[in-house]
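Source file: data_17.txt; contents: compact mmCIF, C-alpha atoms.
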```
# COMPACT_ATOMS: atom_id res chain seq x y z
CA MET D 1 212.63 -243.31 -157.69
CA ASP D 2 216.23 -242.74 -158.66
CA LEU D 3 217.77 -239.35 -158.20
CA LYS D 4 218.74 -237.58 -161.41
CA VAL D 5 221.50 -234.99 -161.14
CA ASN D 6 222.68 -232.99 -164.15
CA ASP D 7 224.67 -229.82 -164.54
CA TYR D 8 225.59 -227.11 -167.00
CA THR D 9 227.59 -223.92 -166.74
CA THR D 10 226.13 -220.57 -167.78
CA ASP D 11 227.93 -217.81 -169.65
CA ASP D 12 228.40 -216.08 -166.30
CA GLY D 13 230.38 -219.00 -164.95
CA VAL D 14 227.66 -220.28 -162.62
CA THR D 15 227.17 -224.03 -162.63
CA VAL D 16 223.50 -224.96 -162.47
CA ILE D 17 222.80 -228.36 -160.96
CA THR D 18 219.34 -229.70 -161.73
CA VAL D 19 218.10 -232.30 -159.29
CA GLU D 20 215.08 -234.50 -159.96
CA GLY D 21 213.54 -237.10 -157.64
CA GLU D 22 213.84 -237.88 -153.95
CA ILE D 23 216.87 -236.83 -151.88
CA ASP D 24 217.11 -239.07 -148.84
CA VAL D 25 219.54 -241.28 -146.94
CA TYR D 26 219.76 -243.64 -149.94
CA THR D 27 220.14 -241.15 -152.79
CA ALA D 28 221.93 -238.23 -151.11
CA PRO D 29 225.42 -239.71 -151.73
CA LYS D 30 224.85 -239.21 -155.48
CA LEU D 31 224.30 -235.48 -154.97
CA ARG D 32 227.26 -235.31 -152.58
CA GLU D 33 229.51 -236.90 -155.20
CA LYS D 34 228.33 -234.44 -157.83
CA LEU D 35 229.06 -231.43 -155.61
CA ILE D 36 232.50 -232.75 -154.67
CA ASP D 37 233.26 -233.51 -158.32
CA LEU D 38 232.32 -230.00 -159.42
CA VAL D 39 234.42 -228.35 -156.71
CA ASN D 40 237.35 -230.58 -157.65
CA LYS D 41 236.94 -229.32 -161.23
CA GLY D 42 237.16 -225.73 -160.05
CA LYS D 43 233.45 -224.93 -160.17
CA PHE D 44 232.96 -222.76 -157.11
CA HIS D 45 229.73 -220.92 -157.94
CA LEU D 46 226.89 -223.41 -157.79
CA LEU D 47 223.14 -222.99 -158.17
CA VAL D 48 221.08 -226.03 -157.25
CA ASP D 49 217.72 -226.12 -159.05
CA MET D 50 215.36 -228.03 -156.75
CA GLU D 51 212.13 -227.43 -158.63
CA LYS D 52 211.82 -231.11 -159.54
CA VAL D 53 212.79 -232.45 -156.12
CA GLU D 54 209.89 -234.47 -154.77
CA PHE D 55 211.29 -235.21 -151.34
CA LEU D 56 214.11 -233.82 -149.21
CA ASP D 57 215.18 -234.98 -145.75
CA SER D 58 217.91 -233.96 -143.32
CA THR D 59 220.46 -236.15 -145.11
CA GLY D 60 219.93 -234.01 -148.20
CA LEU D 61 220.18 -230.85 -146.11
CA GLY D 62 223.48 -232.11 -144.76
CA VAL D 63 224.81 -232.66 -148.28
CA LEU D 64 223.86 -229.12 -149.29
CA VAL D 65 225.51 -227.68 -146.16
CA GLY D 66 228.63 -229.73 -146.92
CA GLY D 67 228.65 -228.39 -150.48
CA LEU D 68 228.28 -224.83 -149.24
CA LYS D 69 231.24 -225.26 -146.91
CA ARG D 70 233.37 -226.60 -149.76
CA VAL D 71 232.68 -223.73 -152.15
CA ARG D 72 233.04 -221.11 -149.43
CA ALA D 73 236.53 -222.44 -148.77
CA HIS D 74 237.25 -221.20 -152.31
CA ASP D 75 235.32 -217.93 -151.90
CA GLY D 76 232.52 -219.49 -153.89
CA SER D 77 228.77 -219.73 -153.41
CA LEU D 78 226.04 -222.33 -153.35
CA GLU D 79 222.51 -221.06 -153.76
CA LEU D 80 219.19 -222.74 -154.38
CA VAL D 81 216.18 -222.37 -156.64
CA CYS D 82 213.04 -223.59 -154.93
CA THR D 83 209.41 -222.53 -154.86
CA GLN D 84 207.87 -225.71 -153.47
CA GLU D 85 206.34 -225.00 -150.09
CA ARG D 86 206.85 -228.52 -148.76
CA ILE D 87 210.59 -228.30 -149.47
CA LEU D 88 210.94 -224.72 -148.23
CA LYS D 89 209.26 -225.72 -144.98
CA ILE D 90 212.16 -228.05 -144.17
CA PHE D 91 214.65 -225.22 -144.64
CA ARG D 92 212.57 -223.00 -142.37
CA ILE D 93 212.20 -225.64 -139.63
CA THR D 94 215.94 -226.18 -139.48
CA GLY D 95 216.83 -222.49 -139.71
CA LEU D 96 218.71 -223.03 -142.97
CA THR D 97 216.87 -220.23 -144.79
CA LYS D 98 219.45 -217.99 -143.11
CA VAL D 99 222.32 -220.05 -144.44
CA PHE D 100 221.29 -220.49 -148.09
CA GLY D 101 220.31 -217.93 -150.67
CA ILE D 102 216.99 -219.27 -152.00
CA HIS D 103 215.60 -217.95 -155.28
CA THR D 104 212.33 -218.41 -157.14
CA SER D 105 213.97 -219.06 -160.52
CA ILE D 106 217.32 -219.46 -162.21
CA ALA D 107 216.75 -216.12 -163.95
CA GLU D 108 216.12 -214.38 -160.62
CA ALA D 109 219.26 -215.90 -159.12
CA GLU D 110 221.33 -214.70 -162.08
CA GLU D 111 219.79 -211.24 -161.91
CA LYS D 112 220.58 -210.89 -158.19
CA ARG D 113 224.08 -212.13 -158.75
CA LYS D 114 224.68 -209.53 -161.47
CA SER D 115 223.24 -206.69 -159.41
CA ALA D 116 225.34 -207.72 -156.40
CA GLY D 117 228.44 -208.17 -158.35
CA MET Y 1 192.00 -249.90 -136.53
CA ALA Y 2 194.41 -252.75 -135.74
CA ILE Y 3 198.04 -252.05 -135.04
CA VAL Y 4 200.29 -252.36 -138.09
CA GLU Y 5 203.84 -253.50 -137.45
CA LEU Y 6 206.69 -253.24 -139.90
CA GLU Y 7 210.25 -254.49 -139.74
CA PHE Y 8 212.96 -253.83 -142.28
CA SER Y 9 216.66 -254.51 -142.62
CA ALA Y 10 218.71 -251.52 -141.56
CA LEU Y 11 219.57 -250.43 -145.08
CA PRO Y 12 219.06 -246.93 -146.57
CA VAL Y 13 217.30 -248.37 -149.61
CA HIS Y 14 214.39 -249.57 -147.42
CA VAL Y 15 213.67 -246.20 -145.83
CA ARG Y 16 211.68 -245.07 -148.85
CA THR Y 17 209.59 -248.23 -148.70
CA ALA Y 18 208.87 -247.56 -145.03
CA ARG Y 19 207.81 -244.00 -145.89
CA LEU Y 20 205.40 -245.23 -148.54
CA ILE Y 21 203.83 -247.83 -146.25
CA VAL Y 22 203.42 -245.41 -143.36
CA THR Y 23 201.83 -242.83 -145.65
CA ALA Y 24 199.36 -245.43 -146.92
CA VAL Y 25 198.45 -246.55 -143.40
CA ALA Y 26 198.14 -242.93 -142.25
CA ARG Y 27 195.73 -242.17 -145.08
CA ARG Y 28 193.72 -245.26 -144.23
CA GLY Y 29 193.83 -244.31 -140.56
CA GLY Y 30 192.11 -240.99 -141.14
CA VAL Y 31 195.01 -238.54 -141.27
CA ASP Y 32 194.09 -235.48 -143.29
CA GLU Y 33 195.64 -235.28 -146.77
CA THR Y 34 197.30 -231.98 -145.83
CA LEU Y 35 199.28 -233.72 -143.06
CA LEU Y 36 200.45 -236.76 -145.03
CA ASP Y 37 203.61 -235.02 -146.27
CA GLU Y 38 204.55 -234.23 -142.68
CA VAL Y 39 203.94 -237.81 -141.58
CA ARG Y 40 206.01 -239.12 -144.49
CA LEU Y 41 208.94 -236.81 -143.80
CA ALA Y 42 208.99 -237.16 -140.01
CA VAL Y 43 208.79 -240.96 -140.13
CA GLY Y 44 211.44 -241.05 -142.86
CA GLU Y 45 213.73 -239.00 -140.62
CA ALA Y 46 213.21 -241.34 -137.69
CA CYS Y 47 213.87 -244.37 -139.92
CA SER Y 48 217.02 -242.81 -141.40
CA ARG Y 49 218.28 -242.10 -137.91
CA ALA Y 50 217.63 -245.69 -136.84
CA VAL Y 51 219.33 -247.09 -139.95
CA GLU Y 52 222.40 -244.97 -139.33
CA ALA Y 53 222.52 -246.06 -135.69
CA HIS Y 54 222.22 -249.74 -136.66
CA ARG Y 55 224.89 -249.54 -139.34
CA THR Y 56 227.56 -248.71 -136.80
CA THR Y 57 226.50 -250.99 -133.95
CA CYS Y 58 224.13 -253.77 -135.01
CA PRO Y 59 223.69 -253.95 -138.81
CA ASP Y 60 221.95 -257.34 -138.68
CA GLU Y 61 219.16 -256.13 -136.41
CA PRO Y 62 216.01 -254.86 -138.13
CA VAL Y 63 214.41 -251.47 -137.56
CA ARG Y 64 210.88 -251.83 -136.22
CA LEU Y 65 207.86 -249.57 -136.66
CA GLU Y 66 204.53 -249.71 -134.90
CA LEU Y 67 201.60 -247.81 -136.37
CA LYS Y 68 198.22 -247.35 -134.79
CA ALA Y 69 195.20 -245.15 -135.22
CA ALA Y 70 192.85 -244.81 -132.29
CA ASP Y 71 191.08 -242.20 -130.18
CA GLY Y 72 191.54 -239.48 -132.76
CA ARG Y 73 195.30 -239.91 -133.15
CA PHE Y 74 197.58 -241.64 -135.65
CA GLU Y 75 200.71 -242.73 -133.82
CA VAL Y 76 203.99 -244.04 -135.20
CA THR Y 77 206.77 -245.44 -133.02
CA VAL Y 78 210.15 -246.16 -134.57
CA HIS Y 79 212.28 -248.54 -132.53
CA ASP Y 80 215.99 -249.03 -133.01
CA ALA Y 81 218.01 -251.73 -131.27
CA VAL Y 82 220.90 -249.52 -130.23
CA PRO Y 83 221.10 -249.31 -126.42
CA GLY Y 84 220.09 -245.88 -125.30
CA ASP Y 85 223.41 -244.37 -124.41
CA ASP Y 86 223.22 -241.91 -127.26
CA ALA Y 87 224.41 -238.60 -125.87
CA ALA Y 88 221.80 -236.76 -127.93
CA VAL Y 89 218.99 -238.66 -126.26
CA THR Y 90 219.00 -238.25 -122.53
CA GLY Y 91 215.33 -238.47 -121.72
CA PRO Y 92 211.82 -238.19 -123.07
CA GLY Y 93 211.53 -235.23 -125.38
CA THR Y 94 214.96 -233.90 -124.55
CA ALA Y 95 216.62 -234.41 -127.90
CA ALA Y 96 213.71 -232.96 -129.80
CA ASP Y 97 213.60 -229.97 -127.49
CA LEU Y 98 217.30 -229.42 -127.97
CA ALA Y 99 217.06 -229.69 -131.71
CA VAL Y 100 214.29 -227.14 -131.94
CA ALA Y 101 215.76 -224.82 -129.34
CA ASN Y 102 219.07 -224.58 -131.11
CA THR Y 103 218.33 -224.41 -134.79
CA PRO Y 104 216.14 -221.56 -135.95
CA ASP Y 105 217.59 -218.61 -134.08
CA GLU Y 106 221.29 -219.20 -133.79
CA LEU Y 107 222.42 -220.33 -137.22
CA ASN Y 108 223.51 -217.80 -139.78
CA THR Y 109 226.41 -219.44 -141.56
CA PRO Y 110 227.48 -222.98 -142.42
CA GLU Y 111 230.23 -222.56 -139.83
CA ASP Y 112 227.61 -221.96 -137.13
CA LEU Y 113 225.84 -225.10 -138.23
CA ASP Y 114 229.05 -227.06 -138.39
CA PHE Y 115 229.88 -226.03 -134.84
CA ALA Y 116 226.39 -226.81 -133.59
CA LEU Y 117 226.37 -230.23 -135.22
CA ALA Y 118 229.84 -231.04 -133.91
CA ASP Y 119 229.09 -230.21 -130.30
CA GLY Y 120 225.86 -232.17 -130.35
CA THR Y 121 223.44 -229.32 -129.77
CA VAL Y 122 221.77 -229.73 -133.14
CA ASP Y 123 220.50 -232.86 -134.80
CA LEU Y 124 218.92 -231.85 -138.10
CA GLY Y 125 216.85 -235.02 -138.26
CA LEU Y 126 215.39 -234.51 -134.81
CA ALA Y 127 214.80 -230.86 -135.59
CA VAL Y 128 212.75 -231.87 -138.62
CA ILE Y 129 210.80 -234.47 -136.64
CA ALA Y 130 210.08 -232.02 -133.84
CA GLY Y 131 209.01 -229.40 -136.36
CA LEU Y 132 206.62 -231.67 -138.22
CA ALA Y 133 205.07 -234.09 -135.75
CA ASP Y 134 202.14 -232.84 -133.73
CA ASP Y 135 203.52 -234.60 -130.67
CA VAL Y 136 206.96 -236.19 -130.20
CA ASP Y 137 208.48 -238.30 -127.47
CA VAL Y 138 212.04 -239.61 -127.64
CA SER Y 139 213.04 -242.19 -125.07
CA ALA Y 140 216.22 -244.18 -124.60
CA THR Y 141 216.09 -247.58 -122.95
CA PRO Y 142 218.64 -250.41 -122.59
CA LYS Y 143 216.87 -252.12 -125.51
CA GLY Y 144 217.13 -249.14 -127.84
CA VAL Y 145 215.84 -245.70 -128.70
CA GLN Y 146 212.18 -245.13 -129.45
CA ILE Y 147 210.82 -242.12 -131.29
CA ARG Y 148 207.08 -241.82 -130.94
CA MET Y 149 205.25 -239.32 -133.12
CA SER Y 150 201.56 -238.65 -133.51
CA TRP Y 151 199.13 -236.56 -135.51
CA PRO Y 152 195.40 -235.89 -135.31
CA ALA Y 153 193.29 -238.37 -137.28
CA ASP Y 154 189.64 -238.91 -138.00
CA THR Y 155 189.76 -242.43 -136.59
CA VAL Y 156 185.98 -242.70 -136.35
CA ALA Y 157 185.45 -242.17 -140.06
CA ALA Y 158 188.38 -244.46 -140.88
CA SER Y 159 187.17 -247.40 -138.78
```

Serialized structure, structure tokens:
Amino acid sequence: MDLKVNDYTTDDGVTVITVEGEIDVYTAPKLREKLIDLVNKGKFHLLVDMEKVEFLDSTGLGVLVGGLKRVRAHDGSLELVCTQERILKIFRITGLTKVFGIHTSIAEAEEKRKSAG
Amino acid sequence: MAIVELEFSALPVHVRTARLIVTAVARRGGVDETLLDEVRLAVGEACSRAVEAHRTTCPDEPVRLELKAADGRFEVTVHDAVPGDDAAVTGPGTAADLAVANTPDELNTPEDLDFALADGTVDLGLAVIAGLADDVDVSATPKGVQIRMSWPADTVAAS
């Protein structure tokens, strides 16, 4: 299955990236290109919606870590929306739950961002 | 159940096909439905790792998988053809042990991860494999690196 990656920017200036399909060694470059493109356009606060991701491997994790490094270089943020246990398990196994902010919904992520900000 | 062997060209596009085949064989071999996701992901990681290794050293050589279900276990071995001088793989189980030992407790920022990946103490793919497979053995030989993974299976009912 092809990977579908779309994005939109909220009124608060957060760019939501919706990802649908399987993120693996074959498809991960598409997500990497999207993240690089957004950073190059000055979008430094990213929220990746992974609710429709069916598969994620370490290549995909590497792309997300790379994206996080890029936005942090601009004092930005990259957080995730994910409630799927099989995806969350991969973040736990690799210790990346400590590295990424992971939310249960886009609304929750926005709420936390407002209360923190 | 007879051994199933699979060979594929070392291209990223074929890793998904390998995952699908292994999942189908695992199901047929008596692996519980609740473990199939773990089999699929761990084998996919091992295949991705092999494909990456082949791309830089021997792109024309195929990646080889051996699947077997017997004696209550479903076992998958992923063979690459890259001579085992990979610094991350120094002996049976070593890489997997390293990956697990160094990921969950010590990483708090992307910079930590970047450092850990750069100095070779963390291999995310091996960390995932070690975290998902019931039993893992990584061995490096002059003919290549082999990652053997296994899970419990109801091989009696499946036969």

| query | Near region 2-19 of chain D, within 10 Å and counting only C-alpha atoms, which residues show up once chain neighbours fewer than 5 positions away are dropped, as a PyMOL selection string? | reply | chain D and resi 24+26-28+30-31+34-35+38+43-54+77-81+106+110+113-114

Any chance you could export the current selection's C-alpha atoms as a PDB file, in the frame of the given file?
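Produced file again34.pdb, reproduced below:
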```pdb
ATOM      1  CA  ASP D  24     217.110-239.070-148.840  1.00  0.00           C
ATOM      2  CA  TYR D  26     219.760-243.640-149.940  1.00  0.00           C
ATOM      3  CA  THR D  27     220.140-241.150-152.790  1.00  0.00           C
ATOM      4  CA  ALA D  28     221.930-238.230-151.110  1.00  0.00           C
ATOM      5  CA  LYS D  30     224.850-239.210-155.480  1.00  0.00           C
ATOM      6  CA  LEU D  31     224.300-235.480-154.970  1.00  0.00           C
ATOM      7  CA  LYS D  34     228.330-234.440-157.830  1.00  0.00           C
ATOM      8  CA  LEU D  35     229.060-231.430-155.610  1.00  0.00           C
ATOM      9  CA  LEU D  38     232.320-230.000-159.420  1.00  0.00           C
ATOM     10  CA  LYS D  43     233.450-224.930-160.170  1.00  0.00           C
ATOM     11  CA  PHE D  44     232.960-222.760-157.110  1.00  0.00           C
ATOM     12  CA  HIS D  45     229.730-220.920-157.940  1.00  0.00           C
ATOM     13  CA  LEU D  46     226.890-223.410-157.790  1.00  0.00           C
ATOM     14  CA  LEU D  47     223.140-222.990-158.170  1.00  0.00           C
ATOM     15  CA  VAL D  48     221.080-226.030-157.250  1.00  0.00           C
ATOM     16  CA  ASP D  49     217.720-226.120-159.050  1.00  0.00           C
ATOM     17  CA  MET D  50     215.360-228.030-156.750  1.00  0.00           C
ATOM     18  CA  GLU D  51     212.130-227.430-158.630  1.00  0.00           C
ATOM     19  CA  LYS D  52     211.820-231.110-159.540  1.00  0.00           C
ATOM     20  CA  VAL D  53     212.790-232.450-156.120  1.00  0.00           C
ATOM     21  CA  GLU D  54     209.890-234.470-154.770  1.00  0.00           C
ATOM     22  CA  SER D  77     228.770-219.730-153.410  1.00  0.00           C
ATOM     23  CA  LEU D  78     226.040-222.330-153.350  1.00  0.00           C
ATOM     24  CA  GLU D  79     222.510-221.060-153.760  1.00  0.00           C
ATOM     25  CA  LEU D  80     219.190-222.740-154.380  1.00  0.00           C
ATOM     26  CA  VAL D  81     216.180-222.370-156.640  1.00  0.00           C
ATOM     27  CA  ILE D 106     217.320-219.460-162.210  1.00  0.00           C
ATOM     28  CA  GLU D 110     221.330-214.700-162.080  1.00  0.00           C
ATOM     29  CA  ARG D 113     224.080-212.130-158.750  1.00  0.00           C
ATOM     30  CA  LYS D 114     224.680-209.530-161.470  1.00  0.00           C
TER      31      LYS D 114
END
```

Please return as a PDB file with C-alpha atoms, in the coordinates of the input every residue within 12 Å of (216.1, -248.8, -140.8), taking into account all atoms listed in the file and the file's own coordinates.
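Output contents, as saved in selection.pdb:
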```pdb
ATOM      1  CA  VAL D  25     219.540-241.280-146.940  1.00  0.00           C
ATOM      2  CA  TYR D  26     219.760-243.640-149.940  1.00  0.00           C
TER       3      TYR D  26
ATOM      4  CA  LEU Y   6     206.690-253.240-139.900  1.00  0.00           C
ATOM      5  CA  GLU Y   7     210.250-254.490-139.740  1.00  0.00           C
ATOM      6  CA  PHE Y   8     212.960-253.830-142.280  1.00  0.00           C
ATOM      7  CA  SER Y   9     216.660-254.510-142.620  1.00  0.00           C
ATOM      8  CA  ALA Y  10     218.710-251.520-141.560  1.00  0.00           C
ATOM      9  CA  LEU Y  11     219.570-250.430-145.080  1.00  0.00           C
ATOM     10  CA  PRO Y  12     219.060-246.930-146.570  1.00  0.00           C
ATOM     11  CA  VAL Y  13     217.300-248.370-149.610  1.00  0.00           C
ATOM     12  CA  HIS Y  14     214.390-249.570-147.420  1.00  0.00           C
ATOM     13  CA  VAL Y  15     213.670-246.200-145.830  1.00  0.00           C
ATOM     14  CA  ARG Y  16     211.680-245.070-148.850  1.00  0.00           C
ATOM     15  CA  THR Y  17     209.590-248.230-148.700  1.00  0.00           C
ATOM     16  CA  ALA Y  18     208.870-247.560-145.030  1.00  0.00           C
ATOM     17  CA  ARG Y  19     207.810-244.000-145.890  1.00  0.00           C
ATOM     18  CA  VAL Y  43     208.790-240.960-140.130  1.00  0.00           C
ATOM     19  CA  GLY Y  44     211.440-241.050-142.860  1.00  0.00           C
ATOM     20  CA  GLU Y  45     213.730-239.000-140.620  1.00  0.00           C
ATOM     21  CA  ALA Y  46     213.210-241.340-137.690  1.00  0.00           C
ATOM     22  CA  CYS Y  47     213.870-244.370-139.920  1.00  0.00           C
ATOM     23  CA  SER Y  48     217.020-242.810-141.400  1.00  0.00           C
ATOM     24  CA  ARG Y  49     218.280-242.100-137.910  1.00  0.00           C
ATOM     25  CA  ALA Y  50     217.630-245.690-136.840  1.00  0.00           C
ATOM     26  CA  VAL Y  51     219.330-247.090-139.950  1.00  0.00           C
ATOM     27  CA  GLU Y  52     222.400-244.970-139.330  1.00  0.00           C
ATOM     28  CA  ALA Y  53     222.520-246.060-135.690  1.00  0.00           C
ATOM     29  CA  HIS Y  54     222.220-249.740-136.660  1.00  0.00           C
ATOM     30  CA  ARG Y  55     224.890-249.540-139.340  1.00  0.00           C
ATOM     31  CA  CYS Y  58     224.130-253.770-135.010  1.00  0.00           C
ATOM     32  CA  PRO Y  59     223.690-253.950-138.810  1.00  0.00           C
ATOM     33  CA  ASP Y  60     221.950-257.340-138.680  1.00  0.00           C
ATOM     34  CA  GLU Y  61     219.160-256.130-136.410  1.00  0.00           C
ATOM     35  CA  PRO Y  62     216.010-254.860-138.130  1.00  0.00           C
ATOM     36  CA  VAL Y  63     214.410-251.470-137.560  1.00  0.00           C
ATOM     37  CA  ARG Y  64     210.880-251.830-136.220  1.00  0.00           C
ATOM     38  CA  LEU Y  65     207.860-249.570-136.660  1.00  0.00           C
ATOM     39  CA  VAL Y  78     210.150-246.160-134.570  1.00  0.00           C
ATOM     40  CA  HIS Y  79     212.280-248.540-132.530  1.00  0.00           C
ATOM     41  CA  ASP Y  80     215.990-249.030-133.010  1.00  0.00           C
ATOM     42  CA  ALA Y  81     218.010-251.730-131.270  1.00  0.00           C
ATOM     43  CA  VAL Y  82     220.900-249.520-130.230  1.00  0.00           C
TER      44      VAL Y  82
END
```

| task | Could you check which of D:His103, D:Arg70, D:Lys98, D:Lys89 is closest to chain Y, using only C-alpha atoms? | result |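 Among D:His103, D:Arg70, D:Lys98, D:Lys89, it is D:Lys98 that comes nearest to chain Y.
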
| From the set Y:Leu67, Y:Leu126, Y:Val39, Y:Ala24, which residue has the shortest atom-to-atom contact distance to chain D, counting only C-alpha atoms? |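 Checking each of Y:Leu67, Y:Leu126, Y:Val39, Y:Ala24 against chain D, counting only C-alpha atoms, the winner is Y:Leu126.
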
Considering all atoms listed in the file, tabulate each residue of chain D that lies at most 9 Å from chain Y along with its nearest interatomic pair and the corresponding distance in Å to one decimal; arrange the rows by chain and ascending residue number and present them as CSV.
```
residue,atom,partner,partner_atom,distance
D:Asp24,CA,Y:Arg16,CA,8.1
D:Val25,CA,Y:Pro12,CA,5.7
D:Tyr26,CA,Y:Pro12,CA,4.8
D:Thr27,CA,Y:Val13,CA,8.4
D:Phe55,CA,Y:Leu41,CA,8.1
D:Leu56,CA,Y:Leu41,CA,8.1
D:Asp57,CA,Y:Glu45,CA,6.7
D:Ser58,CA,Y:Gly125,CA,5.3
D:Thr59,CA,Y:Gly125,CA,7.8
D:Leu61,CA,Y:Leu124,CA,8.2
D:Gly62,CA,Y:Leu124,CA,8.1
D:Val65,CA,Y:Pro110,CA,6.3
D:Gly66,CA,Y:Pro110,CA,8.2
D:Leu68,CA,Y:Pro110,CA,7.1
D:Lys69,CA,Y:Pro110,CA,6.3
D:Arg86,CA,Y:Asp37,CA,7.7
D:Ile90,CA,Y:Val128,CA,6.8
D:Arg92,CA,Y:Pro104,CA,7.5
D:Ile93,CA,Y:Gly131,CA,5.9
D:Thr94,CA,Y:Thr103,CA,5.6
D:Gly95,CA,Y:Pro104,CA,3.9
D:Leu96,CA,Y:Leu107,CA,7.4
D:Thr97,CA,Y:Asn108,CA,8.7
D:Lys98,CA,Y:Asn108,CA,5.3
D:Val99,CA,Y:Thr109,CA,5.0
D:Phe100,CA,Y:Thr109,CA,8.4
```

| remark: CA of Thr57 (chain Y) sits from CA of Arg148 (chain Y) at a separation of 21.7 Å

Quick one: residues within 9 Å of Pro83 (chain Y), all atoms listed in the file counted, chain neighbours fewer than 2 positions away excluded, as a PDB file with C-alpha atoms, keeping the file's coordinate frame?
```
ATOM      1  CA  ASP Y  80     215.990-249.030-133.010  1.00  0.00           C
ATOM      2  CA  ALA Y  81     218.010-251.730-131.270  1.00  0.00           C
ATOM      3  CA  ASP Y  85     223.410-244.370-124.410  1.00  0.00           C
ATOM      4  CA  ASP Y  86     223.220-241.910-127.260  1.00  0.00           C
ATOM      5  CA  ALA Y 140     216.220-244.180-124.600  1.00  0.00           C
ATOM      6  CA  THR Y 141     216.090-247.580-122.950  1.00  0.00           C
ATOM      7  CA  PRO Y 142     218.640-250.410-122.590  1.00  0.00           C
ATOM      8  CA  LYS Y 143     216.870-252.120-125.510  1.00  0.00           C
ATOM      9  CA  GLY Y 144     217.130-249.140-127.840  1.00  0.00           C
ATOM     10  CA  VAL Y 145     215.840-245.700-128.700  1.00  0.00           C
TER      11      VAL Y 145
END
```

| query | What does the distance from CA of Val39 (chain D) to CA of Thr104 (chain D) come to in Å, to one decimal? | reply |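 Interatomic distance, CA of Val39 (chain D) to CA of Thr104 (chain D): 24.2 Å.
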
| request: Measure the distance from CA of Ala70 (chain Y) to CA of Gln146 (chain Y) in Å and round it to one decimal. | output: 19.5 Å

Please rebuild region 33-49 of chain Y with N, CA and C atoms and give the result as a JSON list (two decimals), in the frame of the given file.
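Output contents, as saved in part04.json:
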```
[["chain", "number", "residue", "atom", "x", "y", "z"],
["Y", 33, "GLU", "N", 194.71, -235.31, -145.63],
["Y", 33, "GLU", "CA", 195.64, -235.28, -146.77],
["Y", 33, "GLU", "C", 196.71, -234.20, -146.60],
["Y", 34, "THR", "N", 196.35, -233.09, -145.97],
["Y", 34, "THR", "CA", 197.30, -231.98, -145.83],
["Y", 34, "THR", "C", 198.43, -232.31, -144.86],
["Y", 35, "LEU", "N", 198.24, -233.35, -144.04],
["Y", 35, "LEU", "CA", 199.28, -233.72, -143.06],
["Y", 35, "LEU", "C", 200.15, -234.89, -143.53],
["Y", 36, "LEU", "N", 199.75, -235.53, -144.62],
["Y", 36, "LEU", "CA", 200.45, -236.76, -145.03],
["Y", 36, "LEU", "C", 201.92, -236.51, -145.37],
["Y", 37, "ASP", "N", 202.21, -235.35, -145.96],
["Y", 37, "ASP", "CA", 203.61, -235.02, -146.27],
["Y", 37, "ASP", "C", 204.44, -234.94, -144.99],
["Y", 38, "GLU", "N", 203.83, -234.37, -143.95],
["Y", 38, "GLU", "CA", 204.55, -234.23, -142.68],
["Y", 38, "GLU", "C", 204.79, -235.58, -142.04],
["Y", 39, "VAL", "N", 203.79, -236.46, -142.12],
["Y", 39, "VAL", "CA", 203.94, -237.81, -141.58],
["Y", 39, "VAL", "C", 205.07, -238.53, -142.32],
["Y", 40, "ARG", "N", 205.02, -238.43, -143.64],
["Y", 40, "ARG", "CA", 206.01, -239.12, -144.49],
["Y", 40, "ARG", "C", 207.43, -238.66, -144.16],
["Y", 41, "LEU", "N", 207.60, -237.35, -144.04],
["Y", 41, "LEU", "CA", 208.94, -236.81, -143.80],
["Y", 41, "LEU", "C", 209.42, -237.13, -142.39],
["Y", 42, "ALA", "N", 208.57, -236.93, -141.40],
["Y", 42, "ALA", "CA", 208.99, -237.16, -140.01],
["Y", 42, "ALA", "C", 209.34, -238.64, -139.78],
["Y", 43, "VAL", "N", 208.51, -239.54, -140.31],
["Y", 43, "VAL", "CA", 208.79, -240.96, -140.13],
["Y", 43, "VAL", "C", 210.05, -241.36, -140.91],
["Y", 44, "GLY", "N", 210.22, -240.79, -142.09],
["Y", 44, "GLY", "CA", 211.44, -241.05, -142.86],
["Y", 44, "GLY", "C", 212.68, -240.62, -142.09],
["Y", 45, "GLU", "N", 212.59, -239.47, -141.43],
["Y", 45, "GLU", "CA", 213.73, -239.00, -140.62],
["Y", 45, "GLU", "C", 214.04, -239.98, -139.49],
["Y", 46, "ALA", "N", 213.00, -240.42, -138.81],
["Y", 46, "ALA", "CA", 213.21, -241.34, -137.69],
["Y", 46, "ALA", "C", 213.80, -242.66, -138.19],
["Y", 47, "CYS", "N", 213.33, -243.13, -139.35],
["Y", 47, "CYS", "CA", 213.87, -244.37, -139.92],
["Y", 47, "CYS", "C", 215.33, -244.20, -140.35],
["Y", 48, "SER", "N", 215.64, -243.07, -140.98],
["Y", 48, "SER", "CA", 217.02, -242.81, -141.40],
["Y", 48, "SER", "C", 217.95, -242.80, -140.20],
["Y", 49, "ARG", "N", 217.49, -242.17, -139.13],
["Y", 49, "ARG", "CA", 218.28, -242.10, -137.91],
["Y", 49, "ARG", "C", 218.53, -243.50, -137.35]]
```
